[in-house]
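Below is entry.pdb, which holds PDB, N, CA and C atoms.
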```
ATOM      1  N   MET A   1     -51.402  24.669   1.637
ATOM      2  CA  MET A   1     -52.511  25.287   2.325
ATOM      3  C   MET A   1     -53.251  24.208   3.095
ATOM      4  N   THR A   2     -53.588  24.491   4.326
ATOM      5  CA  THR A   2     -54.335  23.532   5.129
ATOM      6  C   THR A   2     -55.815  23.650   4.832
ATOM      7  N   VAL A   3     -56.588  22.683   5.291
ATOM      8  CA  VAL A   3     -58.040  22.708   5.083
ATOM      9  C   VAL A   3     -58.641  23.939   5.750
ATOM     10  N   ASP A   4     -58.153  24.277   6.955
ATOM     11  CA  ASP A   4     -58.665  25.435   7.672
ATOM     12  C   ASP A   4     -58.420  26.718   6.890
ATOM     13  N   GLU A   5     -57.227  26.867   6.290
ATOM     14  CA  GLU A   5     -56.921  28.061   5.506
ATOM     15  C   GLU A   5     -57.835  28.158   4.299
ATOM     16  N   GLY A   6     -58.118  27.018   3.670
ATOM     17  CA  GLY A   6     -59.003  27.011   2.511
ATOM     18  C   GLY A   6     -60.405  27.466   2.856
ATOM     19  N   ALA A   7     -60.875  27.152   4.048
ATOM     20  CA  ALA A   7     -62.214  27.558   4.468
ATOM     21  C   ALA A   7     -62.264  29.053   4.804
ATOM     22  N   ARG A   8     -61.135  29.615   5.192
ATOM     23  CA  ARG A   8     -61.084  31.030   5.573
ATOM     24  C   ARG A   8     -60.802  31.957   4.406
ATOM     25  N   THR A   9     -60.423  31.385   3.265
ATOM     26  CA  THR A   9     -60.099  32.208   2.103
ATOM     27  C   THR A   9     -60.852  31.708   0.874
ATOM     28  N   VAL A  10     -60.960  32.591  -0.119
ATOM     29  CA  VAL A  10     -61.605  32.225  -1.381
ATOM     30  C   VAL A  10     -60.711  32.656  -2.536
ATOM     31  N   THR A  11     -60.962  32.074  -3.697
ATOM     32  CA  THR A  11     -60.202  32.437  -4.890
ATOM     33  C   THR A  11     -60.593  33.840  -5.338
ATOM     34  N   PRO A  12     -59.751  34.488  -6.120
ATOM     35  CA  PRO A  12     -60.113  35.808  -6.638
ATOM     36  C   PRO A  12     -61.421  35.799  -7.440
ATOM     37  N   GLY A  13     -61.643  34.764  -8.219
ATOM     38  CA  GLY A  13     -62.888  34.684  -8.993
ATOM     39  C   GLY A  13     -64.114  34.634  -8.106
ATOM     40  N   ARG A  14     -64.043  33.833  -7.055
ATOM     41  CA  ARG A  14     -65.162  33.730  -6.104
ATOM     42  C   ARG A  14     -65.353  35.061  -5.362
ATOM     43  N   ALA A  15     -64.252  35.698  -4.985
ATOM     44  CA  ALA A  15     -64.335  36.985  -4.292
ATOM     45  C   ALA A  15     -64.997  38.030  -5.187
ATOM     46  N   ALA A  16     -64.634  38.043  -6.465
ATOM     47  CA  ALA A  16     -65.237  38.995  -7.406
ATOM     48  C   ALA A  16     -66.746  38.793  -7.462
ATOM     49  N   GLN A  17     -67.184  37.537  -7.533
ATOM     50  CA  GLN A  17     -68.626  37.246  -7.561
ATOM     51  C   GLN A  17     -69.308  37.753  -6.295
ATOM     52  N   GLU A  18     -68.727  37.447  -5.154
ATOM     53  CA  GLU A  18     -69.340  37.838  -3.886
ATOM     54  C   GLU A  18     -69.363  39.349  -3.688
ATOM     55  N   LEU A  19     -68.423  40.042  -4.322
ATOM     56  CA  LEU A  19     -68.375  41.503  -4.217
ATOM     57  C   LEU A  19     -69.133  42.181  -5.358
ATOM     58  N   GLU A  20     -69.746  41.362  -6.213
ATOM     59  CA  GLU A  20     -70.531  41.868  -7.340
ATOM     60  C   GLU A  20     -69.697  42.714  -8.287
ATOM     61  N   LEU A  21     -68.458  42.263  -8.522
ATOM     62  CA  LEU A  21     -67.535  42.932  -9.439
ATOM     63  C   LEU A  21     -67.202  41.997 -10.585
ATOM     64  N   GLY A  22     -66.934  42.577 -11.746
ATOM     65  CA  GLY A  22     -66.393  41.799 -12.844
ATOM     66  C   GLY A  22     -64.938  41.471 -12.534
ATOM     67  N   ARG A  23     -64.371  40.525 -13.260
ATOM     68  CA  ARG A  23     -62.980  40.133 -12.989
ATOM     69  C   ARG A  23     -62.011  41.301 -13.168
ATOM     70  N   ASP A  24     -62.202  42.100 -14.218
ATOM     71  CA  ASP A  24     -61.321  43.255 -14.425
ATOM     72  C   ASP A  24     -61.501  44.288 -13.321
ATOM     73  N   GLU A  25     -62.745  44.513 -12.911
ATOM     74  CA  GLU A  25     -63.000  45.448 -11.805
ATOM     75  C   GLU A  25     -62.325  44.951 -10.532
ATOM     76  N   PHE A  26     -62.412  43.641 -10.301
ATOM     77  CA  PHE A  26     -61.793  43.069  -9.111
ATOM     78  C   PHE A  26     -60.276  43.250  -9.147
ATOM     79  N   ARG A  27     -59.662  42.960 -10.297
ATOM     80  CA  ARG A  27     -58.206  43.133 -10.423
ATOM     81  C   ARG A  27     -57.803  44.571 -10.136
ATOM     82  N   LEU A  28     -58.580  45.510 -10.656
ATOM     83  CA  LEU A  28     -58.283  46.919 -10.414
ATOM     84  C   LEU A  28     -58.451  47.263  -8.938
ATOM     85  N   ALA A  29     -59.487  46.720  -8.298
ATOM     86  CA  ALA A  29     -59.699  46.970  -6.866
ATOM     87  C   ALA A  29     -58.512  46.468  -6.052
ATOM     88  N   VAL A  30     -57.944  45.321  -6.439
ATOM     89  CA  VAL A  30     -56.763  44.796  -5.742
ATOM     90  C   VAL A  30     -55.569  45.718  -5.990
ATOM     91  N   GLN A  31     -55.369  46.137  -7.242
ATOM     92  CA  GLN A  31     -54.250  47.022  -7.574
ATOM     93  C   GLN A  31     -54.335  48.351  -6.829
ATOM     94  N   LEU A  32     -55.549  48.849  -6.644
ATOM     95  CA  LEU A  32     -55.749  50.119  -5.947
ATOM     96  C   LEU A  32     -55.694  49.972  -4.429
ATOM     97  N   GLY A  33     -55.618  48.747  -3.946
ATOM     98  CA  GLY A  33     -55.567  48.509  -2.505
ATOM     99  C   GLY A  33     -56.918  48.529  -1.825
ATOM    100  N   LEU A  34     -57.991  48.460  -2.598
ATOM    101  CA  LEU A  34     -59.331  48.454  -2.013
ATOM    102  C   LEU A  34     -59.720  47.080  -1.485
ATOM    103  N   VAL A  35     -59.149  46.041  -2.082
ATOM    104  CA  VAL A  35     -59.389  44.664  -1.645
ATOM    105  C   VAL A  35     -58.031  44.064  -1.301
ATOM    106  N   ARG A  36     -57.898  43.598  -0.070
ATOM    107  CA  ARG A  36     -56.635  43.012   0.373
ATOM    108  C   ARG A  36     -56.619  41.517   0.082
ATOM    109  N   THR A  37     -55.485  41.044  -0.397
ATOM    110  CA  THR A  37     -55.312  39.613  -0.653
ATOM    111  C   THR A  37     -54.208  39.082   0.244
ATOM    112  N   VAL A  38     -54.189  37.768   0.390
ATOM    113  CA  VAL A  38     -53.163  37.122   1.214
ATOM    114  C   VAL A  38     -52.462  36.049   0.392
ATOM    115  N   ARG A  39     -51.265  35.774   0.766
ATOM    116  CA  ARG A  39     -50.492  34.726   0.105
ATOM    117  C   ARG A  39     -51.066  33.369   0.521
ATOM    118  N   ALA A  40     -51.332  32.518  -0.454
ATOM    119  CA  ALA A  40     -51.931  31.217  -0.160
ATOM    120  C   ALA A  40     -50.887  30.159   0.128
ATOM    121  N   GLY A  41     -49.742  30.291  -0.444
ATOM    122  CA  GLY A  41     -48.686  29.305  -0.251
ATOM    123  C   GLY A  41     -47.656  29.455  -1.344
ATOM    124  N   GLU A  42     -46.602  28.731  -1.228
ATOM    125  CA  GLU A  42     -45.518  28.796  -2.207
ATOM    126  C   GLU A  42     -46.033  28.458  -3.602
ATOM    127  N   GLY A  43     -45.899  29.409  -4.535
ATOM    128  CA  GLY A  43     -46.279  29.162  -5.923
ATOM    129  C   GLY A  43     -47.775  29.176  -6.201
ATOM    130  N   GLU A  44     -48.587  29.491  -5.225
ATOM    131  CA  GLU A  44     -50.046  29.518  -5.422
ATOM    132  C   GLU A  44     -50.511  30.954  -5.630
ATOM    133  N   ARG A  45     -51.669  31.085  -6.277
ATOM    134  CA  ARG A  45     -52.253  32.412  -6.473
ATOM    135  C   ARG A  45     -52.707  32.986  -5.144
ATOM    136  N   ARG A  46     -52.738  34.297  -5.090
ATOM    137  CA  ARG A  46     -53.200  34.974  -3.881
ATOM    138  C   ARG A  46     -54.691  34.711  -3.704
ATOM    139  N   ARG A  47     -55.158  34.802  -2.483
ATOM    140  CA  ARG A  47     -56.562  34.554  -2.160
ATOM    141  C   ARG A  47     -57.097  35.708  -1.316
ATOM    142  N   VAL A  48     -58.389  35.715  -1.097
ATOM    143  CA  VAL A  48     -59.032  36.764  -0.311
ATOM    144  C   VAL A  48     -59.641  36.118   0.928
ATOM    145  N   GLU A  49     -59.338  36.697   2.088
ATOM    146  CA  GLU A  49     -59.886  36.162   3.329
ATOM    147  C   GLU A  49     -61.368  36.484   3.442
ATOM    148  N   ARG A  50     -62.102  35.581   4.067
ATOM    149  CA  ARG A  50     -63.538  35.788   4.296
ATOM    150  C   ARG A  50     -63.791  37.072   5.082
ATOM    151  N   ARG A  51     -62.959  37.353   6.045
ATOM    152  CA  ARG A  51     -63.192  38.560   6.857
ATOM    153  C   ARG A  51     -63.017  39.831   6.018
ATOM    154  N   GLU A  52     -62.186  39.782   4.975
ATOM    155  CA  GLU A  52     -62.041  40.930   4.074
ATOM    156  C   GLU A  52     -63.327  41.120   3.273
ATOM    157  N   LEU A  53     -63.912  40.020   2.804
ATOM    158  CA  LEU A  53     -65.188  40.105   2.091
ATOM    159  C   LEU A  53     -66.270  40.665   3.007
ATOM    160  N   ASP A  54     -66.296  40.185   4.246
ATOM    161  CA  ASP A  54     -67.279  40.678   5.219
ATOM    162  C   ASP A  54     -67.105  42.174   5.454
ATOM    163  N   ARG A  55     -65.852  42.616   5.589
ATOM    164  CA  ARG A  55     -65.573  44.038   5.822
ATOM    165  C   ARG A  55     -66.123  44.894   4.676
ATOM    166  N   LEU A  56     -65.881  44.453   3.452
ATOM    167  CA  LEU A  56     -66.334  45.216   2.286
ATOM    168  C   LEU A  56     -67.851  45.195   2.152
ATOM    169  N   ARG A  57     -68.460  44.056   2.437
ATOM    170  CA  ARG A  57     -69.925  43.946   2.301
ATOM    171  C   ARG A  57     -70.656  44.704   3.407
ATOM    172  N   GLU A  58     -70.003  44.949   4.538
ATOM    173  CA  GLU A  58     -70.636  45.673   5.643
ATOM    174  C   GLU A  58     -70.680  47.180   5.411
ATOM    175  N   ALA A  59     -69.980  47.662   4.394
ATOM    176  CA  ALA A  59     -69.973  49.106   4.105
ATOM    177  C   ALA A  59     -71.393  49.555   3.760
ATOM    178  N   PRO A  60     -71.801  50.721   4.254
ATOM    179  CA  PRO A  60     -73.167  51.186   4.008
ATOM    180  C   PRO A  60     -73.475  51.417   2.528
ATOM    181  N   ASP A  61     -72.453  51.652   1.723
ATOM    182  CA  ASP A  61     -72.684  51.916   0.294
ATOM    183  C   ASP A  61     -72.379  50.707  -0.591
ATOM    184  N   PHE A  62     -72.279  49.517   0.003
ATOM    185  CA  PHE A  62     -71.995  48.307  -0.785
ATOM    186  C   PHE A  62     -73.227  47.905  -1.579
ATOM    187  N   PRO A  63     -73.108  47.483  -2.816
ATOM    188  CA  PRO A  63     -71.930  47.368  -3.652
ATOM    189  C   PRO A  63     -71.652  48.606  -4.502
ATOM    190  N   THR A  64     -72.580  49.553  -4.498
ATOM    191  CA  THR A  64     -72.453  50.726  -5.365
ATOM    192  C   THR A  64     -71.169  51.498  -5.108
ATOM    193  N   GLY A  65     -70.831  51.722  -3.859
ATOM    194  CA  GLY A  65     -69.642  52.493  -3.518
ATOM    195  C   GLY A  65     -68.366  51.842  -4.009
ATOM    196  N   LEU A  66     -68.262  50.536  -3.835
ATOM    197  CA  LEU A  66     -67.079  49.821  -4.287
ATOM    198  C   LEU A  66     -66.967  49.881  -5.807
ATOM    199  N   ARG A  67     -68.078  49.673  -6.489
ATOM    200  CA  ARG A  67     -68.061  49.721  -7.957
ATOM    201  C   ARG A  67     -67.696  51.114  -8.454
ATOM    202  N   GLU A  68     -68.157  52.156  -7.783
ATOM    203  CA  GLU A  68     -67.808  53.528  -8.183
ATOM    204  C   GLU A  68     -66.327  53.785  -8.024
ATOM    205  N   ARG A  69     -65.737  53.228  -6.956
ATOM    206  CA  ARG A  69     -64.311  53.466  -6.708
ATOM    207  C   ARG A  69     -63.422  52.774  -7.731
ATOM    208  N   VAL A  70     -63.913  51.748  -8.407
ATOM    209  CA  VAL A  70     -63.088  51.062  -9.411
ATOM    210  C   VAL A  70     -63.547  51.352 -10.837
ATOM    211  N   ARG A  71     -64.512  52.233 -10.970
ATOM    212  CA  ARG A  71     -65.027  52.550 -12.305
ATOM    213  C   ARG A  71     -63.936  53.226 -13.124
ATOM    214  N   ALA A  72     -63.700  52.675 -14.298
ATOM    215  CA  ALA A  72     -62.726  53.269 -15.214
ATOM    216  C   ALA A  72     -63.443  54.317 -16.055
ATOM    217  N   VAL A  73     -62.780  55.410 -16.310
ATOM    218  CA  VAL A  73     -63.389  56.473 -17.106
ATOM    219  C   VAL A  73     -62.634  56.644 -18.414
ATOM    220  N   GLY A  74     -63.351  57.062 -19.429
ATOM    221  CA  GLY A  74     -62.748  57.344 -20.720
ATOM    222  C   GLY A  74     -62.295  58.793 -20.789
ATOM    223  N   THR A  75     -61.837  59.180 -21.965
ATOM    224  CA  THR A  75     -61.305  60.527 -22.170
ATOM    225  C   THR A  75     -62.314  61.608 -21.811
ATOM    226  N   THR A  76     -63.544  61.478 -22.286
ATOM    227  CA  THR A  76     -64.559  62.506 -22.049
ATOM    228  C   THR A  76     -64.857  62.656 -20.565
ATOM    229  N   ASP A  77     -65.054  61.518 -19.873
ATOM    230  CA  ASP A  77     -65.337  61.567 -18.438
ATOM    231  C   ASP A  77     -64.152  62.119 -17.651
ATOM    232  N   ALA A  78     -62.946  61.691 -18.024
ATOM    233  CA  ALA A  78     -61.751  62.161 -17.315
ATOM    234  C   ALA A  78     -61.583  63.668 -17.488
ATOM    235  N   ALA A  79     -61.810  64.141 -18.705
ATOM    236  CA  ALA A  79     -61.695  65.579 -18.963
ATOM    237  C   ALA A  79     -62.719  66.355 -18.129
ATOM    238  N   ALA A  80     -63.936  65.839 -18.070
ATOM    239  CA  ALA A  80     -64.976  66.508 -17.282
ATOM    240  C   ALA A  80     -64.600  66.542 -15.801
ATOM    241  N   LEU A  81     -64.029  65.455 -15.295
ATOM    242  CA  LEU A  81     -63.606  65.427 -13.892
ATOM    243  C   LEU A  81     -62.545  66.487 -13.604
ATOM    244  N   LEU A  82     -61.681  66.730 -14.589
ATOM    245  CA  LEU A  82     -60.619  67.720 -14.421
ATOM    246  C   LEU A  82     -61.044  69.127 -14.804
ATOM    247  N   GLY A  83     -62.225  69.249 -15.422
ATOM    248  CA  GLY A  83     -62.706  70.565 -15.830
ATOM    249  C   GLY A  83     -61.982  71.109 -17.051
ATOM    250  N   ILE A  84     -61.532  70.211 -17.936
ATOM    251  CA  ILE A  84     -60.840  70.630 -19.154
ATOM    252  C   ILE A  84     -61.510  69.966 -20.362
ATOM    253  N   THR A  85     -61.128  70.379 -21.548
ATOM    254  CA  THR A  85     -61.705  69.774 -22.749
ATOM    255  C   THR A  85     -61.084  68.403 -22.995
ATOM    256  N   ALA A  86     -61.787  67.584 -23.769
ATOM    257  CA  ALA A  86     -61.272  66.261 -24.113
ATOM    258  C   ALA A  86     -59.972  66.368 -24.904
ATOM    259  N   ASP A  87     -59.883  67.368 -25.799
ATOM    260  CA  ASP A  87     -58.640  67.555 -26.552
ATOM    261  C   ASP A  87     -57.472  67.856 -25.629
ATOM    262  N   ARG A  88     -57.703  68.719 -24.661
ATOM    263  CA  ARG A  88     -56.641  69.070 -23.701
ATOM    264  C   ARG A  88     -56.233  67.837 -22.905
ATOM    265  N   PHE A  89     -57.208  67.046 -22.468
ATOM    266  CA  PHE A  89     -56.890  65.837 -21.717
ATOM    267  C   PHE A  89     -56.042  64.886 -22.566
ATOM    268  N   THR A  90     -56.411  64.729 -23.834
ATOM    269  CA  THR A  90     -55.657  63.851 -24.735
ATOM    270  C   THR A  90     -54.212  64.320 -24.870
ATOM    271  N   ARG A  91     -54.017  65.632 -25.028
ATOM    272  CA  ARG A  91     -52.652  66.154 -25.130
ATOM    273  C   ARG A  91     -51.859  65.898 -23.843
ATOM    274  N   LEU A  92     -52.506  66.107 -22.709
ATOM    275  CA  LEU A  92     -51.835  65.843 -21.433
ATOM    276  C   LEU A  92     -51.481  64.363 -21.293
ATOM    277  N   ALA A  93     -52.407  63.502 -21.689
ATOM    278  CA  ALA A  93     -52.154  62.063 -21.597
ATOM    279  C   ALA A  93     -50.993  61.647 -22.485
ATOM    280  N   ARG A  94     -50.916  62.220 -23.661
ATOM    281  CA  ARG A  94     -49.831  61.874 -24.596
ATOM    282  C   ARG A  94     -48.462  62.326 -24.095
ATOM    283  N   THR A  95     -48.433  63.364 -23.272
ATOM    284  CA  THR A  95     -47.147  63.827 -22.729
ATOM    285  C   THR A  95     -46.746  63.059 -21.469
ATOM    286  N   GLY A  96     -47.615  62.158 -21.041
ATOM    287  CA  GLY A  96     -47.277  61.319 -19.892
ATOM    288  C   GLY A  96     -47.640  61.906 -18.557
ATOM    289  N   THR A  97     -48.500  62.916 -18.520
ATOM    290  CA  THR A  97     -48.868  63.525 -17.249
ATOM    291  C   THR A  97     -49.958  62.735 -16.521
ATOM    292  N   SER A  98     -50.515  61.733 -17.187
ATOM    293  CA  SER A  98     -51.478  60.844 -16.545
ATOM    294  C   SER A  98     -51.146  59.424 -16.978
ATOM    295  N   ALA A  99     -51.620  58.474 -16.212
ATOM    296  CA  ALA A  99     -51.338  57.083 -16.530
ATOM    297  C   ALA A  99     -52.603  56.259 -16.501
ATOM    298  N   ARG A 100     -52.684  55.351 -17.414
ATOM    299  CA  ARG A 100     -53.816  54.413 -17.454
ATOM    300  C   ARG A 100     -53.571  53.355 -16.383
ATOM    301  N   CYS A 101     -54.576  53.097 -15.577
ATOM    302  CA  CYS A 101     -54.380  52.111 -14.504
ATOM    303  C   CYS A 101     -55.049  50.790 -14.816
ATOM    304  N   GLY A 102     -55.773  50.702 -15.899
ATOM    305  CA  GLY A 102     -56.413  49.443 -16.267
ATOM    306  C   GLY A 102     -57.307  49.638 -17.457
ATOM    307  N   SER A 103     -57.728  48.547 -18.019
ATOM    308  CA  SER A 103     -58.640  48.623 -19.159
ATOM    309  C   SER A 103     -59.670  47.528 -19.050
ATOM    310  N   HIS A 104     -60.775  47.748 -19.694
ATOM    311  CA  HIS A 104     -61.863  46.757 -19.664
ATOM    312  C   HIS A 104     -62.130  46.270 -21.047
TER     313      HIS A 104
END
```

The structure in this file should be written as structure tokens.
Amino acid sequence: MTVDEGARTVTPGRAAQELELGRDEFRLAVQLGLVRTVRAGEGERRRVERRELDRLREAPDFPTGLRERVRAVGTTDAAALLGITADRFTRLARTGTSARCGSH
């Protein structure tokens, strides 16, 4: 990585801080495609470009909107979102009709 590339990108930890996300929330945001990362170099961890941070921070609902989009829900909340009972949601989850995308 050149010096110029280092100035244009930040580590995932720094990006999480600037986006007001916890590390797990940040990882989930990357997995969901809400935060784009770039390859830093051969064998190096991915990084986040400054312009990506700027794009996310310019959103009118920042940081609340971003945090809502990566909020993980438990059984009760998930069942309420689907309009079913928690027991029904648990049975559906056990049959593999839903998948856990992350944990905190």

I want to know what sits within 10 Å of stretch 11-28 of chain A, based on only C-alpha atoms, with residues of the same chain fewer than 5 positions away left out; could you give that as a PDB file with N, CA and C atoms, in the frame of the given file?
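Okay, result_35.pdb is ready:
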```
ATOM      1  N   GLY A   6     -58.118  27.018   3.670  1.00  0.00           N
ATOM      2  CA  GLY A   6     -59.003  27.011   2.511  1.00  0.00           C
ATOM      3  C   GLY A   6     -60.405  27.466   2.856  1.00  0.00           C
ATOM      4  N   GLY A  33     -55.618  48.747  -3.946  1.00  0.00           N
ATOM      5  CA  GLY A  33     -55.567  48.509  -2.505  1.00  0.00           C
ATOM      6  C   GLY A  33     -56.918  48.529  -1.825  1.00  0.00           C
ATOM      7  N   LEU A  34     -57.991  48.460  -2.598  1.00  0.00           N
ATOM      8  CA  LEU A  34     -59.331  48.454  -2.013  1.00  0.00           C
ATOM      9  C   LEU A  34     -59.720  47.080  -1.485  1.00  0.00           C
ATOM     10  N   VAL A  35     -59.149  46.041  -2.082  1.00  0.00           N
ATOM     11  CA  VAL A  35     -59.389  44.664  -1.645  1.00  0.00           C
ATOM     12  C   VAL A  35     -58.031  44.064  -1.301  1.00  0.00           C
ATOM     13  N   THR A  37     -55.485  41.044  -0.397  1.00  0.00           N
ATOM     14  CA  THR A  37     -55.312  39.613  -0.653  1.00  0.00           C
ATOM     15  C   THR A  37     -54.208  39.082   0.244  1.00  0.00           C
ATOM     16  N   ALA A  40     -51.332  32.518  -0.454  1.00  0.00           N
ATOM     17  CA  ALA A  40     -51.931  31.217  -0.160  1.00  0.00           C
ATOM     18  C   ALA A  40     -50.887  30.159   0.128  1.00  0.00           C
ATOM     19  N   ARG A  45     -51.669  31.085  -6.277  1.00  0.00           N
ATOM     20  CA  ARG A  45     -52.253  32.412  -6.473  1.00  0.00           C
ATOM     21  C   ARG A  45     -52.707  32.986  -5.144  1.00  0.00           C
ATOM     22  N   ARG A  46     -52.738  34.297  -5.090  1.00  0.00           N
ATOM     23  CA  ARG A  46     -53.200  34.974  -3.881  1.00  0.00           C
ATOM     24  C   ARG A  46     -54.691  34.711  -3.704  1.00  0.00           C
ATOM     25  N   ARG A  47     -55.158  34.802  -2.483  1.00  0.00           N
ATOM     26  CA  ARG A  47     -56.562  34.554  -2.160  1.00  0.00           C
ATOM     27  C   ARG A  47     -57.097  35.708  -1.316  1.00  0.00           C
ATOM     28  N   VAL A  48     -58.389  35.715  -1.097  1.00  0.00           N
ATOM     29  CA  VAL A  48     -59.032  36.764  -0.311  1.00  0.00           C
ATOM     30  C   VAL A  48     -59.641  36.118   0.928  1.00  0.00           C
ATOM     31  N   GLU A  49     -59.338  36.697   2.088  1.00  0.00           N
ATOM     32  CA  GLU A  49     -59.886  36.162   3.329  1.00  0.00           C
ATOM     33  C   GLU A  49     -61.368  36.484   3.442  1.00  0.00           C
ATOM     34  N   ARG A  50     -62.102  35.581   4.067  1.00  0.00           N
ATOM     35  CA  ARG A  50     -63.538  35.788   4.296  1.00  0.00           C
ATOM     36  C   ARG A  50     -63.791  37.072   5.082  1.00  0.00           C
ATOM     37  N   GLU A  52     -62.186  39.782   4.975  1.00  0.00           N
ATOM     38  CA  GLU A  52     -62.041  40.930   4.074  1.00  0.00           C
ATOM     39  C   GLU A  52     -63.327  41.120   3.273  1.00  0.00           C
ATOM     40  N   LEU A  53     -63.912  40.020   2.804  1.00  0.00           N
ATOM     41  CA  LEU A  53     -65.188  40.105   2.091  1.00  0.00           C
ATOM     42  C   LEU A  53     -66.270  40.665   3.007  1.00  0.00           C
ATOM     43  N   ASP A  54     -66.296  40.185   4.246  1.00  0.00           N
ATOM     44  CA  ASP A  54     -67.279  40.678   5.219  1.00  0.00           C
ATOM     45  C   ASP A  54     -67.105  42.174   5.454  1.00  0.00           C
ATOM     46  N   LEU A  56     -65.881  44.453   3.452  1.00  0.00           N
ATOM     47  CA  LEU A  56     -66.334  45.216   2.286  1.00  0.00           C
ATOM     48  C   LEU A  56     -67.851  45.195   2.152  1.00  0.00           C
ATOM     49  N   ARG A  57     -68.460  44.056   2.437  1.00  0.00           N
ATOM     50  CA  ARG A  57     -69.925  43.946   2.301  1.00  0.00           C
ATOM     51  C   ARG A  57     -70.656  44.704   3.407  1.00  0.00           C
ATOM     52  N   PHE A  62     -72.279  49.517   0.003  1.00  0.00           N
ATOM     53  CA  PHE A  62     -71.995  48.307  -0.785  1.00  0.00           C
ATOM     54  C   PHE A  62     -73.227  47.905  -1.579  1.00  0.00           C
ATOM     55  N   PRO A  63     -73.108  47.483  -2.816  1.00  0.00           N
ATOM     56  CA  PRO A  63     -71.930  47.368  -3.652  1.00  0.00           C
ATOM     57  C   PRO A  63     -71.652  48.606  -4.502  1.00  0.00           C
ATOM     58  N   THR A  64     -72.580  49.553  -4.498  1.00  0.00           N
ATOM     59  CA  THR A  64     -72.453  50.726  -5.365  1.00  0.00           C
ATOM     60  C   THR A  64     -71.169  51.498  -5.108  1.00  0.00           C
ATOM     61  N   LEU A  66     -68.262  50.536  -3.835  1.00  0.00           N
ATOM     62  CA  LEU A  66     -67.079  49.821  -4.287  1.00  0.00           C
ATOM     63  C   LEU A  66     -66.967  49.881  -5.807  1.00  0.00           C
ATOM     64  N   ARG A  67     -68.078  49.673  -6.489  1.00  0.00           N
ATOM     65  CA  ARG A  67     -68.061  49.721  -7.957  1.00  0.00           C
ATOM     66  C   ARG A  67     -67.696  51.114  -8.454  1.00  0.00           C
ATOM     67  N   ARG A  69     -65.737  53.228  -6.956  1.00  0.00           N
ATOM     68  CA  ARG A  69     -64.311  53.466  -6.708  1.00  0.00           C
ATOM     69  C   ARG A  69     -63.422  52.774  -7.731  1.00  0.00           C
ATOM     70  N   VAL A  70     -63.913  51.748  -8.407  1.00  0.00           N
ATOM     71  CA  VAL A  70     -63.088  51.062  -9.411  1.00  0.00           C
ATOM     72  C   VAL A  70     -63.547  51.352 -10.837  1.00  0.00           C
ATOM     73  N   ARG A  71     -64.512  52.233 -10.970  1.00  0.00           N
ATOM     74  CA  ARG A  71     -65.027  52.550 -12.305  1.00  0.00           C
ATOM     75  C   ARG A  71     -63.936  53.226 -13.124  1.00  0.00           C
ATOM     76  N   ALA A  72     -63.700  52.675 -14.298  1.00  0.00           N
ATOM     77  CA  ALA A  72     -62.726  53.269 -15.214  1.00  0.00           C
ATOM     78  C   ALA A  72     -63.443  54.317 -16.055  1.00  0.00           C
ATOM     79  N   CYS A 101     -54.576  53.097 -15.577  1.00  0.00           N
ATOM     80  CA  CYS A 101     -54.380  52.111 -14.504  1.00  0.00           C
ATOM     81  C   CYS A 101     -55.049  50.790 -14.816  1.00  0.00           C
ATOM     82  N   GLY A 102     -55.773  50.702 -15.899  1.00  0.00           N
ATOM     83  CA  GLY A 102     -56.413  49.443 -16.267  1.00  0.00           C
ATOM     84  C   GLY A 102     -57.307  49.638 -17.457  1.00  0.00           C
ATOM     85  N   SER A 103     -57.728  48.547 -18.019  1.00  0.00           N
ATOM     86  CA  SER A 103     -58.640  48.623 -19.159  1.00  0.00           C
ATOM     87  C   SER A 103     -59.670  47.528 -19.050  1.00  0.00           C
ATOM     88  N   HIS A 104     -60.775  47.748 -19.694  1.00  0.00           N
ATOM     89  CA  HIS A 104     -61.863  46.757 -19.664  1.00  0.00           C
ATOM     90  C   HIS A 104     -62.130  46.270 -21.047  1.00  0.00           C
TER      91      HIS A 104
END
```

Quiz item: Can you list, as a VMD selection string, every residue of chain A that DSSP puts in alpha helix (DSSP H)?
Solution: chain A and resid 3 to 8 12 to 18 23 to 31 50 to 57 64 to 69 75 to 82 86 to 94

Given 4 Å on each side, where is the centre and what are the edge lengths in Å to one decimal of the axis-aligned box enclosing the listed atoms of stretch 53-66 of chain A, as JSON?
```
{"center_x": -68.7, "center_y": 46.3, "center_z": 0.0, "size_x": 17.6, "size_y": 20.5, "size_z": 19.6}
```

Exercise. Please report, as number ranges by chain, each residue of chain A to which DSSP assigns strand (DSSP E) when run on this structure's backbone.
Key: A: 9-10, 48-49

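For the structure in this document, the set picked by the PyMOL selection byres (((chain A and resi 76 and name CA) around 12) and name CA) is Ala72, Val73, Gly74, Thr75, Asp77, Ala78, Ala79, Ala80, Leu81, Leu82, Gly83, Ile84, Thr85, Ala86, Asp87, Arg88, Phe89 and Thr90 of chain A.
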
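Between atom N of A:Val10 and atom N of A:Val38 the separation is 8.5 Å.
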